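Listing of coords.txt; format and content: compact mmCIF, C-alpha atoms and all ligand atoms.
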# COMPACT_ATOMS: atom_id res chain seq x y z
CA MET A 1 109.05 67.40 94.33
CA ASN A 2 112.21 67.30 96.42
CA PRO A 3 113.23 70.16 98.69
CA SER A 4 115.94 72.50 97.37
CA PRO A 5 119.34 71.44 98.75
CA ASP A 6 120.71 74.86 99.80
CA CYS A 7 117.50 75.80 101.62
CA ILE A 8 117.10 75.19 105.31
CA VAL A 9 113.43 76.17 105.45
CA GLU A 10 111.17 76.08 102.45
CA LEU A 11 107.47 76.86 102.19
CA ARG A 12 105.69 75.74 99.05
CA ASN A 13 102.31 77.14 98.23
CA VAL A 14 101.29 77.19 101.89
CA SER A 15 97.79 78.29 102.89
CA LYS A 16 96.55 78.75 106.43
CA ARG A 17 93.02 79.67 107.46
CA TYR A 18 91.54 80.27 110.89
CA GLY A 19 87.85 79.44 110.38
CA ASP A 20 87.05 81.38 107.22
CA HIS A 21 89.77 83.96 107.82
CA VAL A 22 92.67 83.50 105.42
CA ALA A 23 95.94 84.21 107.27
CA LEU A 24 98.31 82.93 104.56
CA GLU A 25 97.51 82.26 100.93
CA GLY A 26 99.63 80.37 98.39
CA PHE A 27 102.78 81.38 100.23
CA SER A 28 106.13 80.18 98.85
CA LEU A 29 109.48 81.18 100.33
CA ALA A 30 112.91 79.54 100.40
CA VAL A 31 115.22 80.48 103.26
CA HIS A 32 118.92 79.86 102.56
CA ARG A 33 121.16 78.15 105.05
CA GLY A 34 122.90 80.71 107.28
CA GLU A 35 121.08 83.81 106.05
CA PHE A 36 119.35 86.50 108.06
CA LEU A 37 115.92 86.80 106.50
CA THR A 38 113.39 89.33 107.71
CA LEU A 39 109.65 89.02 107.30
CA LEU A 40 108.33 92.55 107.02
CA GLY A 41 104.68 93.46 106.97
CA PRO A 42 101.99 95.46 108.73
CA SER A 43 100.15 94.15 111.75
CA GLY A 44 97.82 91.28 110.83
CA SER A 45 99.64 90.41 107.59
CA GLY A 46 100.42 86.84 108.70
CA LYS A 47 103.99 87.10 110.03
CA THR A 48 103.41 85.31 113.34
CA THR A 49 101.30 82.69 111.60
CA LEU A 50 104.20 81.92 109.29
CA LEU A 51 106.62 81.51 112.20
CA ARG A 52 104.14 79.29 114.05
CA LEU A 53 103.85 77.06 110.98
CA VAL A 54 107.64 76.74 110.75
CA ALA A 55 107.89 76.04 114.50
CA GLY A 56 105.13 73.44 114.18
CA PHE A 57 102.63 75.09 116.53
CA GLU A 58 100.15 75.30 113.64
CA GLN A 59 99.48 73.08 110.63
CA PRO A 60 98.75 74.47 107.15
CA GLN A 61 95.54 73.48 105.33
CA SER A 62 97.50 73.05 102.14
CA GLY A 63 101.02 73.29 100.76
CA GLN A 64 104.28 71.90 102.06
CA ILE A 65 106.94 72.98 104.53
CA PHE A 66 110.46 71.54 104.45
CA ILE A 67 112.94 71.94 107.30
CA GLU A 68 116.52 70.83 106.73
CA GLY A 69 115.31 68.91 103.72
CA ARG A 70 112.59 66.98 105.52
CA ASP A 71 108.85 67.27 105.08
CA ALA A 72 107.75 69.02 108.26
CA SER A 73 104.34 67.36 108.36
CA GLU A 74 106.21 64.35 109.78
CA LEU A 75 108.00 66.46 112.40
CA PRO A 76 106.36 67.44 115.70
CA PRO A 77 107.59 70.80 117.11
CA TYR A 78 110.12 69.21 119.51
CA ARG A 79 111.77 67.30 116.66
CA ARG A 80 112.29 70.43 114.56
CA ASN A 81 115.72 71.94 114.92
CA VAL A 82 114.08 75.32 115.39
CA ASN A 83 113.72 77.70 118.32
CA THR A 84 111.53 80.74 118.81
CA VAL A 85 111.99 84.04 120.65
CA PHE A 86 108.67 85.82 121.09
CA GLN A 87 108.01 89.52 121.49
CA HIS A 88 106.81 88.95 125.03
CA TYR A 89 109.68 86.74 125.88
CA ALA A 90 108.19 85.41 129.13
CA LEU A 91 111.19 84.47 131.19
CA PHE A 92 110.43 82.22 134.15
CA PRO A 93 110.04 84.80 136.94
CA HIS A 94 110.94 82.38 139.76
CA LEU A 95 114.17 81.19 138.07
CA ASN A 96 117.40 83.18 138.02
CA VAL A 97 119.23 84.02 134.83
CA PHE A 98 121.35 80.88 134.90
CA ARG A 99 118.37 78.58 135.40
CA ASN A 100 116.32 80.40 132.75
CA VAL A 101 119.03 79.79 130.18
CA ALA A 102 119.74 76.26 131.44
CA PHE A 103 116.07 75.25 131.33
CA GLY A 104 115.98 73.74 127.85
CA LEU A 105 119.22 71.85 128.38
CA GLU A 106 117.92 70.45 131.70
CA GLN A 107 114.78 69.29 129.91
CA LYS A 108 116.96 67.49 127.42
CA LYS A 109 118.91 65.88 130.29
CA PHE A 110 122.31 67.30 129.46
CA PRO A 111 125.00 66.54 132.08
CA ALA A 112 125.41 69.31 134.68
CA ALA A 113 128.98 70.16 133.68
CA GLU A 114 127.97 70.53 130.02
CA ILE A 115 125.04 72.74 131.03
CA ARG A 116 127.33 75.02 133.07
CA ARG A 117 129.79 75.27 130.22
CA ARG A 118 127.17 76.09 127.62
CA VAL A 119 125.19 78.53 129.75
CA ARG A 120 128.33 80.45 130.80
CA GLY A 121 129.52 80.57 127.20
CA MET A 122 126.18 81.86 125.98
CA LEU A 123 125.87 84.48 128.73
CA GLY A 124 129.32 85.70 127.71
CA LEU A 125 128.20 85.92 124.10
CA VAL A 126 125.13 88.04 124.94
CA GLU A 127 127.26 90.12 127.33
CA LEU A 128 125.59 89.14 130.58
CA PRO A 129 128.40 87.52 132.53
CA GLY A 130 128.14 88.03 136.29
CA LYS A 131 124.34 88.32 136.16
CA GLU A 132 123.69 84.60 136.55
CA ASP A 133 122.09 84.88 139.98
CA ARG A 134 119.75 87.75 139.16
CA PHE A 135 116.04 87.19 138.76
CA PRO A 136 114.15 88.61 135.75
CA HIS A 137 112.60 91.48 137.79
CA GLN A 138 116.13 92.59 138.69
CA LEU A 139 117.06 93.07 135.01
CA SER A 140 116.43 95.91 132.57
CA GLY A 141 114.27 95.27 129.50
CA GLY A 142 117.35 94.94 127.32
CA GLU A 143 118.95 92.45 129.70
CA GLN A 144 115.77 90.39 129.84
CA GLN A 145 115.72 90.33 126.07
CA ARG A 146 119.30 89.05 126.01
CA VAL A 147 118.41 86.30 128.47
CA ALA A 148 115.55 85.29 126.17
CA LEU A 149 117.99 85.18 123.26
CA ALA A 150 120.53 83.18 125.24
CA ARG A 151 117.79 80.75 126.29
CA ALA A 152 116.89 80.11 122.65
CA LEU A 153 120.46 80.05 121.34
CA VAL A 154 121.92 77.74 123.98
CA LEU A 155 120.10 74.82 122.38
CA GLU A 156 122.04 75.52 119.20
CA PRO A 157 119.08 75.35 116.85
CA ALA A 158 119.69 75.34 113.11
CA VAL A 159 117.03 78.02 112.74
CA LEU A 160 116.13 80.79 115.16
CA LEU A 161 112.70 82.38 114.75
CA LEU A 162 112.43 85.86 116.23
CA ASP A 163 108.94 87.36 116.46
CA GLU A 164 109.32 91.14 116.85
CA PRO A 165 111.85 90.53 119.62
CA LEU A 166 112.88 94.17 119.88
CA GLY A 167 109.39 95.64 119.82
CA ALA A 168 109.26 96.28 123.57
CA LEU A 169 112.58 98.11 123.75
CA ASP A 170 113.11 101.85 123.52
CA GLN A 171 114.82 103.30 120.45
CA LYS A 172 118.37 103.40 121.76
CA LEU A 173 118.32 99.90 123.27
CA ARG A 174 116.68 98.65 120.14
CA GLN A 175 119.50 99.92 117.96
CA GLN A 176 122.05 98.42 120.34
CA MET A 177 120.30 95.04 120.22
CA GLN A 178 120.15 95.22 116.42
CA VAL A 179 123.93 95.52 116.35
CA GLU A 180 124.33 92.73 118.90
CA LEU A 181 122.06 90.40 116.97
CA LYS A 182 124.08 91.01 113.83
CA ARG A 183 127.29 90.34 115.72
CA LEU A 184 125.89 87.14 117.25
CA ARG A 185 124.78 86.02 113.88
CA GLU A 186 128.30 86.39 112.50
CA ARG A 187 129.67 84.17 115.26
CA LEU A 188 127.07 81.41 115.12
CA ALA A 189 126.13 79.06 112.31
CA ILE A 190 122.45 79.77 112.70
CA THR A 191 119.80 80.83 110.20
CA PHE A 192 117.69 83.73 111.46
CA ILE A 193 114.10 84.35 110.47
CA PHE A 194 113.29 87.68 112.02
CA VAL A 195 109.88 89.34 112.09
CA THR A 196 109.28 93.06 112.23
CA HIS A 197 106.79 95.68 111.05
CA ASP A 198 109.57 98.29 111.05
CA GLN A 199 111.01 99.03 107.59
CA GLU A 200 114.22 100.55 108.85
CA GLU A 201 114.89 97.66 111.20
CA ALA A 202 114.39 95.23 108.32
CA LEU A 203 116.86 97.13 106.14
CA VAL A 204 119.48 97.36 108.87
CA MET A 205 119.36 93.73 109.95
CA SER A 206 118.84 91.54 106.95
CA ASP A 207 120.53 89.74 104.10
CA ARG A 208 117.10 89.56 102.47
CA VAL A 209 113.70 91.00 103.25
CA ALA A 210 110.40 89.26 102.49
CA VAL A 211 107.50 91.70 102.39
CA ILE A 212 104.19 90.15 103.32
CA HIS A 213 100.75 91.71 102.90
CA ARG A 214 97.38 90.13 103.65
CA GLY A 215 98.94 86.68 103.85
CA ARG A 216 100.70 86.92 100.50
CA LEU A 217 104.35 87.34 99.63
CA GLU A 218 104.74 90.64 97.79
CA GLN A 219 108.49 90.63 97.22
CA VAL A 220 111.60 88.94 98.55
CA ASP A 221 114.93 90.61 97.80
CA ARG A 222 117.96 92.30 99.26
CA GLY A 223 116.99 95.33 101.33
CA GLU A 224 118.40 97.72 98.78
CA GLU A 225 116.25 96.22 96.03
CA ILE A 226 113.14 96.37 98.20
CA TYR A 227 113.83 100.02 98.93
CA GLU A 228 115.01 101.18 95.51
CA ARG A 229 112.87 98.96 93.30
CA PRO A 230 109.69 98.00 95.11
CA ARG A 231 107.92 95.61 92.79
CA THR A 232 104.35 96.33 93.80
CA ARG A 233 102.48 99.44 94.77
CA PHE A 234 101.99 98.03 98.25
CA VAL A 235 105.72 97.50 98.80
CA ALA A 236 106.36 101.00 97.43
CA GLU A 237 103.95 102.62 99.88
CA PHE A 238 105.11 100.48 102.76
CA MET A 239 108.72 101.47 102.06
CA GLY A 240 107.87 105.17 102.07
CA VAL A 241 107.02 106.10 98.47
CA GLU A 242 104.41 108.85 98.72
CA ASN A 243 103.96 110.39 95.28
CA PHE A 244 101.72 108.46 92.87
CA PHE A 245 100.43 109.75 89.53
CA ASP A 246 97.82 108.23 87.26
CA VAL A 247 99.45 108.47 83.86
CA ARG A 248 99.27 107.22 80.29
CA CYS A 249 102.25 106.13 78.22
CA VAL A 250 102.65 108.50 75.24
CA ALA A 251 106.06 107.58 73.81
CA GLN A 252 108.05 104.43 74.25
CA ASN A 253 111.54 103.63 73.01
CA GLY A 254 112.23 100.50 75.03
CA GLU A 255 114.49 101.80 77.77
CA CYS A 256 112.99 105.21 78.47
CA ALA A 257 109.36 106.19 78.12
CA ARG A 258 107.36 109.38 78.38
CA PHE A 259 104.10 109.41 80.30
CA GLU A 260 101.46 112.09 80.67
CA THR A 261 99.36 112.98 83.69
CA ALA A 262 95.66 113.87 83.47
CA THR A 263 96.64 117.57 83.57
CA GLY A 264 99.05 117.10 80.66
CA ALA A 265 102.38 117.13 82.52
CA SER A 266 105.12 115.01 80.96
CA LEU A 267 106.90 112.50 83.18
CA TRP A 268 109.76 110.22 82.14
CA ALA A 269 110.69 106.80 83.42
CA LYS A 270 113.49 104.38 82.72
CA ASN A 271 112.94 100.63 82.69
CA ALA A 272 109.49 101.15 81.26
CA ARG A 273 109.37 97.94 79.27
CA GLY A 274 105.93 96.39 79.43
CA PHE A 275 104.12 99.71 79.06
CA SER A 276 103.14 100.22 75.45
CA GLU A 277 102.03 103.53 73.96
CA GLY A 278 98.53 104.41 75.11
CA ALA A 279 98.67 102.14 78.15
CA PRO A 280 97.57 103.56 81.50
CA ALA A 281 99.97 103.22 84.44
CA ILE A 282 100.86 104.53 87.86
CA LEU A 283 104.11 106.46 88.04
CA ALA A 284 105.59 106.98 91.49
CA VAL A 285 108.58 108.68 93.07
CA ARG A 286 110.06 108.69 96.59
CA PRO A 287 109.97 112.02 98.48
CA GLU A 288 113.77 111.92 98.88
CA ALA A 289 114.31 111.52 95.13
CA VAL A 290 112.54 114.82 94.43
CA ARG A 291 114.76 117.90 94.20
CA LEU A 292 113.34 121.24 95.18
CA SER A 293 114.56 124.54 93.74
CA CYS A 294 113.39 128.13 93.50
CA ALA A 295 114.37 128.50 89.83
CA PRO A 296 114.07 125.90 87.04
CA PRO A 297 117.31 123.88 87.02
CA GLU A 298 119.61 124.22 83.99
CA PRO A 299 119.72 122.25 81.77
CA ARG A 300 116.05 121.51 81.99
CA PRO A 301 115.56 118.08 83.60
CA PRO A 302 113.11 115.72 81.88
CA ASN A 303 110.90 115.53 84.96
CA LEU A 304 110.08 119.07 85.96
CA LEU A 305 106.93 120.24 87.74
CA GLU A 306 105.94 123.59 89.13
CA ALA A 307 104.36 123.67 92.54
CA GLU A 308 103.41 125.89 95.43
CA LEU A 309 104.78 125.34 98.91
CA VAL A 310 102.09 124.33 101.36
CA GLU A 311 104.01 123.28 104.44
CA MET A 312 107.46 122.42 105.73
CA ILE A 313 107.91 119.93 108.55
CA TYR A 314 111.24 119.86 110.32
CA GLU A 315 112.16 116.22 111.01
CA GLY A 316 115.60 116.67 112.55
CA GLY A 317 117.78 114.92 110.01
CA SER A 318 115.55 116.04 107.15
CA ARG A 319 112.89 118.48 106.04
CA ARG A 320 109.63 117.34 104.58
CA TRP A 321 107.91 119.62 102.10
CA SER A 322 104.26 119.43 101.26
CA LEU A 323 103.55 120.85 97.79
CA ALA A 324 100.53 121.63 95.66
CA LEU A 325 100.71 121.13 91.88
CA ALA A 326 98.67 123.04 89.36
CA GLY A 327 95.26 121.33 89.36
CA GLY A 328 95.46 120.68 93.10
CA ALA A 329 97.34 117.37 93.31
CA ARG A 330 99.73 117.12 96.24
CA MET A 331 103.34 116.03 96.29
CA VAL A 332 105.85 115.45 99.04
CA ALA A 333 109.59 116.07 98.85
CA ARG A 334 112.15 115.31 101.51
CA GLU A 335 115.64 116.78 101.77
CA ALA A 336 118.46 115.78 104.07
CA ASN A 337 119.27 118.72 106.31
CA SER A 338 122.95 118.76 105.46
CA SER A 339 122.38 119.06 101.73
CA SER A 340 119.32 121.27 101.71
CA PRO A 341 119.78 124.48 99.75
CA PRO A 342 119.49 127.32 102.27
CA GLN A 343 117.27 129.29 99.87
CA ALA A 344 114.65 126.52 99.95
CA ALA A 345 114.85 126.17 103.72
CA SER A 346 113.59 129.67 104.27
CA VAL A 347 110.97 130.10 101.55
CA ALA A 348 107.48 130.96 102.68
CA ARG A 349 104.18 129.21 102.21
CA GLY A 350 102.70 129.93 98.78
CA THR A 351 106.12 130.36 97.11
CA ARG A 352 106.46 128.93 93.60
CA VAL A 353 109.06 126.19 93.43
CA PHE A 354 110.30 123.64 90.92
CA LEU A 355 110.38 119.91 91.49
CA SER A 356 112.55 117.56 89.49
CA TRP A 357 113.80 113.98 89.60
CA GLU A 358 115.78 111.61 87.43
CA PRO A 359 113.84 109.31 85.09
CA GLY A 360 115.71 106.42 86.76
CA LYS A 361 113.95 107.28 90.03
CA SER A 362 110.46 106.94 88.53
CA LEU A 363 108.71 103.74 89.60
CA LEU A 364 105.98 102.19 87.47
CA TYR A 365 103.01 100.03 88.42
CA PRO A 366 100.04 98.71 86.49
CA ALA A 367 97.08 101.09 86.42
CA GLY A 368 94.59 100.38 89.15
CA GLU A 369 97.03 98.46 91.37
CA GLN A 370 95.97 99.14 94.93
CA ALA A 371 98.21 99.13 97.96
P1 LIG B 1 100.98 89.44 112.22
O1 LIG B 1 101.90 88.64 113.08
O2 LIG B 1 101.55 89.80 110.90
O3 LIG B 1 100.46 90.65 112.94
P2 LIG B 1 99.21 87.15 112.46
O4 LIG B 1 99.91 86.05 111.77
O5 LIG B 1 99.26 87.16 113.94
O6 LIG B 1 99.70 88.55 111.87
O7 LIG B 1 97.70 87.14 112.02
C1 LIG B 1 97.27 87.11 110.69
C2 LIG B 1 95.76 87.18 110.66
O8 LIG B 1 95.22 85.98 111.20
C3 LIG B 1 95.20 88.32 111.50
O9 LIG B 1 94.09 88.85 110.83
C4 LIG B 1 94.79 87.64 112.79
O10 LIG B 1 93.71 88.30 113.38
C5 LIG B 1 94.40 86.24 112.32
N1 LIG B 1 94.69 85.22 113.36
C6 LIG B 1 95.89 84.93 113.87
N2 LIG B 1 95.82 83.92 114.78
C7 LIG B 1 94.52 83.56 114.82
C8 LIG B 1 93.78 82.57 115.55
N3 LIG B 1 94.38 81.74 116.40
N4 LIG B 1 92.45 82.50 115.33
C9 LIG B 1 91.84 83.33 114.45
N5 LIG B 1 92.47 84.27 113.73
C10 LIG B 1 93.78 84.40 113.91
MG MG B 2 102.66 89.01 115.00
Once more with this new file: its structure as structure tokens, please.
Ligand code: ADP
Ligand code: MG
Amino acid sequence: MNPSPDCIVELRNVSKRYGDHVALEGFSLAVHRGEFLTLLGPSGSGKTTLLRLVAGFEQPQSGQIFIEGRDASELPPYRRNVNTVFQHYALFPHLNVFRNVAFGLEQKKFPAAEIRRRVRGMLGLVELPGKEDRFPHQLSGGEQQRVALARALVLEPAVLLLDEPLGALDQKLRQQMQVELKRLRERLAITFIFVTHDQEEALVMSDRVAVIHRGRLEQVDRGEEIYERPRTRFVAEFMGVENFFDVRCVAQNGECARFETATGASLWAKNARGFSEGAPAILAVRPEAVRLSCAPPEPRPPNLLEAELVEMIYEGGSRRWSLALAGGARMVAREANSSSPPQAASVARGTRVFLSWEPGKSLLYPAGEQA
């Protein structure tokens, strides 16, 4: 089969094992030209392995990889129009900033004047002009990271692979670099494949997010879809869904369906096609979709549970409530501080409260699906 024309990198059914350890299994992913795609997954899920396969540092046992329409098995790493920035970006300590960035161009025997022009231009772009003569130990972590970026970008690769490049930076610098990367991306015709284990970072940065778990692709979608409509229980949990109920479908009318928990509570879900009456399922809801009130809301919402307050954790921008349902099951609700009803903010442990959420916020997964 031919590679897809609008894809710059395409993996088809790729498997990679180290000895008998399976790092990637039947992995297919098409990266569009010019997009910012983030690979998101927990540690050990296969993210670095995938980048190393695209860069050509590893070979798959089976499947195919296409880069710019060409079968990559014929392309050694140096012939792939791909560059990598690693988490530990390893600048050359004995070379100054200029020479670090110039290194790849010198290797490729560019004329000196062209090297100067490109390096200066790139240092301007990453906002490091005037630092050309500094050595890496004379730079802050953020500045070193920008040098590493400039070093990779100056070669004008078609694809830039970034392996948790912001992992070593503190929160504030990290957010600043996120903005700068997005800005750079708008000014350069480069496709970014960015790796992170941080959900928020993935949502902030990306056109699309590919969630990877145990070497398998769980879901690839726009960030909003991944967050609002996680397709598997794993993606749901990884994206912060905390409330899961074992339920059985008791009434189905196509669009909306009623489910029942083991203790007999009724829960409603929209988009419940595929769950016929009698079928077991898992119904889930995000903590921030759950509304908390001291009296039952009027009119009575379809999803309404009574609970007892167990604990409130103040999180700064939000409050996180731990709740016990009749029968002992726990639930978690989260409210933004600005919108939290003052009555709920002050209620004591053991207080009876009411929890409700819209049927559209219920998520459904097949019974028994594990994260
Ligand atoms: P991630 O980058 O998502 O943390 P990796 O791709 O580095 O994950 O690793 C995926 C799995 O493969 C892990 O279980 C890791 O221990 C294993 N692995 C990675 N590289 C090697 C290797 N060179 N030899 C053996 N096992 C490896
Ligand atoms: Mg890794």
Residues of chain A at most 10 Å from ligand MG 2 (chain B): nearest atom pair and distance in Å, only C-alpha atoms and all ligand atoms, as a Markdown table:
| residue | atom | partner | partner_atom | distance |
| --- | --- | --- | --- | --- |
| A:Gly41 | CA | B:MG2 | MG | 9.4 |
| A:Pro42 | CA | B:MG2 | MG | 9.0 |
| A:Ser43 | CA | B:MG2 | MG | 6.6 |
| A:Gly44 | CA | B:MG2 | MG | 6.8 |
| A:Ser45 | CA | B:MG2 | MG | 8.1 |
| A:Gly46 | CA | B:MG2 | MG | 7.0 |
| A:Lys47 | CA | B:MG2 | MG | 5.5 |
| A:Thr48 | CA | B:MG2 | MG | 4.1 |
| A:Thr49 | CA | B:MG2 | MG | 7.3 |
| A:Leu50 | CA | B:MG2 | MG | 9.2 |
| A:Leu51 | CA | B:MG2 | MG | 8.9 |
| A:Arg52 | CA | B:MG2 | MG | 9.9 |
| A:Phe86 | CA | B:MG2 | MG | 9.1 |
| A:Gln87 | CA | B:MG2 | MG | 8.4 |
| A:Asp163 | CA | B:MG2 | MG | 6.7 |
| A:Glu164 | CA | B:MG2 | MG | 7.2 |
| A:Val195 | CA | B:MG2 | MG | 7.8 |
| A:Thr196 | CA | B:MG2 | MG | 8.2 |
| A:His197 | CA | B:MG2 | MG | 8.8 |
Calculated over all atoms listed in the file, which of the candidates A:Glu180, A:Glu143, A:Glu358, A:Glu127 has the smallest distance to Ala269 (chain A)?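 For Ala269 (chain A), the nearest of the candidates is A:Glu358.
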Two-atom distance - atom C8 of ligand LIG 1 (chain B), CA of Thr84 (chain A) (Å):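 Interatomic distance here is 18.1 Å.
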Go through A:Lys109, A:Arg216, A:Lys361, A:Arg120 and flag the residue nearest ligand LIG 1 (chain B), using all atoms listed in the file for the distances.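 Closest to ligand LIG 1 (chain B), using all atoms listed in the file: A:Arg216.
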Go through A:Gly278, A:Pro129, A:Pro230, A:Gly254 one by one, measure the shortest atom-to-atom distance of each to Val209 (chain A) using all atoms listed in the file, and give the residue with the smallest value.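 When distances to Val209 (chain A) are compared using all atoms listed in the file, the smallest one comes from A:Pro230.
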With only C-alpha atoms as the atoms that count, which of A:Pro296, A:Gly316, A:Gly223, A:Pro366 lies nearest to Ser276 (chain A)?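 Checking each candidate against Ser276 (chain A), we get A:Pro366 as the closest.
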So the first atom is CA of Tyr365 (chain A) and the second is CA of Phe245 (chain A); what is the distance between them in Å, to one decimal place?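 These two atoms are separated by 10.1 Å.
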Could you check which of A:Thr38, A:Gln370, A:Gln219, A:Ser62 is closest to Glu200 (chain A), using all atoms listed in the file?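 The closest residue to Glu200 (chain A) is A:Thr38.
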What's the separation between CA of Glu225 (chain A) and CA of Gln64 (chain A), in Å to one decimal place?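 Separation of CA of Glu225 (chain A) and CA of Gln64 (chain A): 27.8 Å.
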Could you name the residues that touch Ile67 (chain A) at 7 Å or less, counting only C-alpha atoms, but leaving out those on the same chain fewer than 6 positions away, as number ranges by chain? A: 8-10
Selected residue of minimal separation from ligand LIG 1 (chain B) among A:Glu156, A:Thr191, A:Arg80, A:His213, counting only C-alpha atoms and all ligand atoms: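 Answer, going by the shortest atom-to-atom distance: A:His213.
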Adding 5 Å on each side of the box along x, y and z that holds all listed atoms of ligand LIG 1 (chain B), could you give its centre and edge lengths in Å to one decimal, as JSON?
{"center_x": 96.9, "center_y": 86.2, "center_z": 113.5, "size_x": 20.1, "size_y": 18.9, "size_z": 15.7}
Spatial neighbours of Phe36 (chain A), 8 Å, all atoms listed in the file, chain gap at least 3 places, as number ranges by chain: A: 185, 191-194, 205-208
For region 89-103 of chain A, list every protein, DNA or RNA residue within 12 Å, evaluated using only C-alpha atoms, and leave out those in the same chain fewer than 6 positions away; present the list as a PyMOL selection string. chain A and resi 109-124+126+128-139+141-155+162-169
Output file for the selection above: C-alpha atoms, as a PDB file, keeping the file's coordinate frame:
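Generated output (part-v4.pdb):
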ATOM      1  CA  LYS A 109     118.910  65.880 130.290  1.00  0.00           C
ATOM      2  CA  PHE A 110     122.310  67.300 129.460  1.00  0.00           C
ATOM      3  CA  PRO A 111     125.000  66.540 132.080  1.00  0.00           C
ATOM      4  CA  ALA A 112     125.410  69.310 134.680  1.00  0.00           C
ATOM      5  CA  ALA A 113     128.980  70.160 133.680  1.00  0.00           C
ATOM      6  CA  GLU A 114     127.970  70.530 130.020  1.00  0.00           C
ATOM      7  CA  ILE A 115     125.040  72.740 131.030  1.00  0.00           C
ATOM      8  CA  ARG A 116     127.330  75.020 133.070  1.00  0.00           C
ATOM      9  CA  ARG A 117     129.790  75.270 130.220  1.00  0.00           C
ATOM     10  CA  ARG A 118     127.170  76.090 127.620  1.00  0.00           C
ATOM     11  CA  VAL A 119     125.190  78.530 129.750  1.00  0.00           C
ATOM     12  CA  ARG A 120     128.330  80.450 130.800  1.00  0.00           C
ATOM     13  CA  GLY A 121     129.520  80.570 127.200  1.00  0.00           C
ATOM     14  CA  MET A 122     126.180  81.860 125.980  1.00  0.00           C
ATOM     15  CA  LEU A 123     125.870  84.480 128.730  1.00  0.00           C
ATOM     16  CA  GLY A 124     129.320  85.700 127.710  1.00  0.00           C
ATOM     17  CA  VAL A 126     125.130  88.040 124.940  1.00  0.00           C
ATOM     18  CA  LEU A 128     125.590  89.140 130.580  1.00  0.00           C
ATOM     19  CA  PRO A 129     128.400  87.520 132.530  1.00  0.00           C
ATOM     20  CA  GLY A 130     128.140  88.030 136.290  1.00  0.00           C
ATOM     21  CA  LYS A 131     124.340  88.320 136.160  1.00  0.00           C
ATOM     22  CA  GLU A 132     123.690  84.600 136.550  1.00  0.00           C
ATOM     23  CA  ASP A 133     122.090  84.880 139.980  1.00  0.00           C
ATOM     24  CA  ARG A 134     119.750  87.750 139.160  1.00  0.00           C
ATOM     25  CA  PHE A 135     116.040  87.190 138.760  1.00  0.00           C
ATOM     26  CA  PRO A 136     114.150  88.610 135.750  1.00  0.00           C
ATOM     27  CA  HIS A 137     112.600  91.480 137.790  1.00  0.00           C
ATOM     28  CA  GLN A 138     116.130  92.590 138.690  1.00  0.00           C
ATOM     29  CA  LEU A 139     117.060  93.070 135.010  1.00  0.00           C
ATOM     30  CA  GLY A 141     114.270  95.270 129.500  1.00  0.00           C
ATOM     31  CA  GLY A 142     117.350  94.940 127.320  1.00  0.00           C
ATOM     32  CA  GLU A 143     118.950  92.450 129.700  1.00  0.00           C
ATOM     33  CA  GLN A 144     115.770  90.390 129.840  1.00  0.00           C
ATOM     34  CA  GLN A 145     115.720  90.330 126.070  1.00  0.00           C
ATOM     35  CA  ARG A 146     119.300  89.050 126.010  1.00  0.00           C
ATOM     36  CA  VAL A 147     118.410  86.300 128.470  1.00  0.00           C
ATOM     37  CA  ALA A 148     115.550  85.290 126.170  1.00  0.00           C
ATOM     38  CA  LEU A 149     117.990  85.180 123.260  1.00  0.00           C
ATOM     39  CA  ALA A 150     120.530  83.180 125.240  1.00  0.00           C
ATOM     40  CA  ARG A 151     117.790  80.750 126.290  1.00  0.00           C
ATOM     41  CA  ALA A 152     116.890  80.110 122.650  1.00  0.00           C
ATOM     42  CA  LEU A 153     120.460  80.050 121.340  1.00  0.00           C
ATOM     43  CA  VAL A 154     121.920  77.740 123.980  1.00  0.00           C
ATOM     44  CA  LEU A 155     120.100  74.820 122.380  1.00  0.00           C
ATOM     45  CA  LEU A 162     112.430  85.860 116.230  1.00  0.00           C
ATOM     46  CA  ASP A 163     108.940  87.360 116.460  1.00  0.00           C
ATOM     47  CA  GLU A 164     109.320  91.140 116.850  1.00  0.00           C
ATOM     48  CA  PRO A 165     111.850  90.530 119.620  1.00  0.00           C
ATOM     49  CA  LEU A 166     112.880  94.170 119.880  1.00  0.00           C
ATOM     50  CA  GLY A 167     109.390  95.640 119.820  1.00  0.00           C
ATOM     51  CA  ALA A 168     109.260  96.280 123.570  1.00  0.00           C
ATOM     52  CA  LEU A 169     112.580  98.110 123.750  1.00  0.00           C
TER      53      LEU A 169
END
Taking (116.8, 75.0, 115.3) in the coordinates of the supplied file, I want to know which residues reach to within 6 Å of it, counting all atoms listed in the file; could you give the answer as an mmCIF file with C-alpha atoms, in the frame of the given file?
data_model
loop_
_atom_site.group_PDB
_atom_site.id
_atom_site.type_symbol
_atom_site.label_atom_id
_atom_site.label_comp_id
_atom_site.auth_asym_id
_atom_site.auth_seq_id
_atom_site.Cartn_x
_atom_site.Cartn_y
_atom_site.Cartn_z
ATOM 1 C CA ASN A 81 115.720 71.940 114.920
ATOM 2 C CA VAL A 82 114.080 75.320 115.390
ATOM 3 C CA ASN A 83 113.720 77.700 118.320
ATOM 4 C CA PRO A 157 119.080 75.350 116.850
ATOM 5 C CA ALA A 158 119.690 75.340 113.110
ATOM 6 C CA VAL A 159 117.030 78.020 112.740
ATOM 7 C CA LEU A 160 116.130 80.790 115.160
#
